[in-house]
Every structure is written in structure tokens, then in C-alpha cells.
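Engineer: Okay, here's the structure, questions in a sec.
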Amino acid sequence: MLNDRPGRSPAGAIVSSCDVSARQGDAPMIRDPLIPRLVSVPEAADILELKRSRVHQLVTGGKLPGAWSGSAIVLAEETVRRYKAGERFAFPALLVIYAYDDAAEGWTEVERRAVKPDYVLPGAFGLDEIGGEPGVSYRVELVDNEDKTIGVVKVGA
């Protein structure tokens, strides 16, 4: 990777920062052990011994957890190493709670809650379970990591 900024590391090293040195002109940082070390796609490709395009496909295809940091994809180094060791990841689903808005004559999203990948949508919810108010109609949807609806339960009025 070419570096057009003398004294700076390529983007991959900056993403997994806290390896910053004072000689680069940056303030020294103390690494927080609670924040996982992040790696860029090229670094993940080196660890996995794959091409960068393949790592990108794994992330965008929902097979390897990653996140956008600005315009770069970052991955937790530990997750990459676990993937290399053969572990495969089930992605969490979401419960999306909607309330019926009479003024708008439609459903308005109230809350999103992450649930385990093997979560089974119950046949009914109580208002206390979803933080609902009496007299309001609610709809609870179970959606997958691609925002596709798996199931729906109506609650309330």
C-alpha cells in the first residue's frame, strides 16, 4: 500500500491504532484492553491467507462480522482468528417494535432489540414486555441480519 503522508502508517495500521508513536507527531495513547484490536480488510486477508476481495465478500455476504469505520471495513482481530480456526458465526436477529400512529395512519418504529440467532418468536407479548401503553396497537417483527421479516406478532388494541 502506498503511503503519501510521510511519518504516517498506512490506513490499516491506523485503523488498529493505539500502536501510535510519539515520533509520528501524535500524542501517545494507552491501549484500552476492553476495546478489541481492529484490523482492516488487507490485514484480515493476511491472517486468513485469502485475497482481499474474498474477505470483502465474506463480510458483505454476512459470513464474517465486520463494520464500517468511515469508508473502511474493520474487523475484530480475534473474530478473524476464530474464523480461520474454523468457527462460523450465526448473526443475531432483531425484534423491531412498531406502534400504530393514528395521525399518520401507519406504523411507526418504536424500538429495535438484538436477540440471539436461535430466538423463537413467541405467539404473544404482554404490553410490559415491549414497554407498551394500553390502548395502542403494536406490531413486533422478528427480522434477520438482512432486514428480512421472519415473523410478526400483533399486541394490544
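Just remember, in the C-alpha cells the first chain shown is A, the second B, etc., residues are 1-based per chain, and ligands are 1-based in the order shown.
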From a backbone DSSP assignment, name each residue in segment 34-142 of chain A labelled alpha helix (DSSP H), as number ranges by chain.
Structural biologist: A: 41-48, 52-60, 77-84, 127-130
Engineer: Could you pull the residues within 8 Å of segment 118-131 of chain A, counting only C-alpha atoms, minus those fewer than 5 positions along the same chain, as a PDB file with C-alpha atoms, in the first residue's frame?
Structural biologist:
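The resulting result.pdb:
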```pdb
ATOM      1  CA  ALA A  93     -31.685 -11.191  14.743  1.00  0.00           C
ATOM      2  CA  ILE A  97     -41.381  -2.911  17.730  1.00  0.00           C
ATOM      3  CA  LEU A 142     -38.507 -10.642  14.112  1.00  0.00           C
ATOM      4  CA  GLY A 151     -42.282 -13.432  11.876  1.00  0.00           C
ATOM      5  CA  VAL A 153     -46.933 -10.732  16.348  1.00  0.00           C
ATOM      6  CA  LYS A 154     -49.611  -8.079  16.974  1.00  0.00           C
ATOM      7  CA  VAL A 155     -50.073  -6.734  20.503  1.00  0.00           C
ATOM      8  CA  GLY A 156     -52.675  -4.523  22.174  1.00  0.00           C
TER       9      GLY A 156
END
```
Engineer: I'd like to know which of A:His56, A:Leu95, A:Met29, A:Ser71 is closest to Thr149 of chain A, using only C-alpha atoms.
Structural biologist: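 Once distances to Thr149 of chain A are computed over only C-alpha atoms, the minimum belongs to A:Leu95.
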Engineer: I'd like the contact shell of Val136 of chain A - 9 Å cut-off, only C-alpha atoms, skipping same-chain residues fewer than 4 positions apart - returned as an MDAnalysis selection string.
Structural biologist: chainID A and resid 99:101 132 155:157
Engineer: Rounded to one decimal in Å, what is the spacing between atom CA of Arg37 of chain A and atom CA of Ala67 of chain A?
Structural biologist: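 The value is 13.1 Å.
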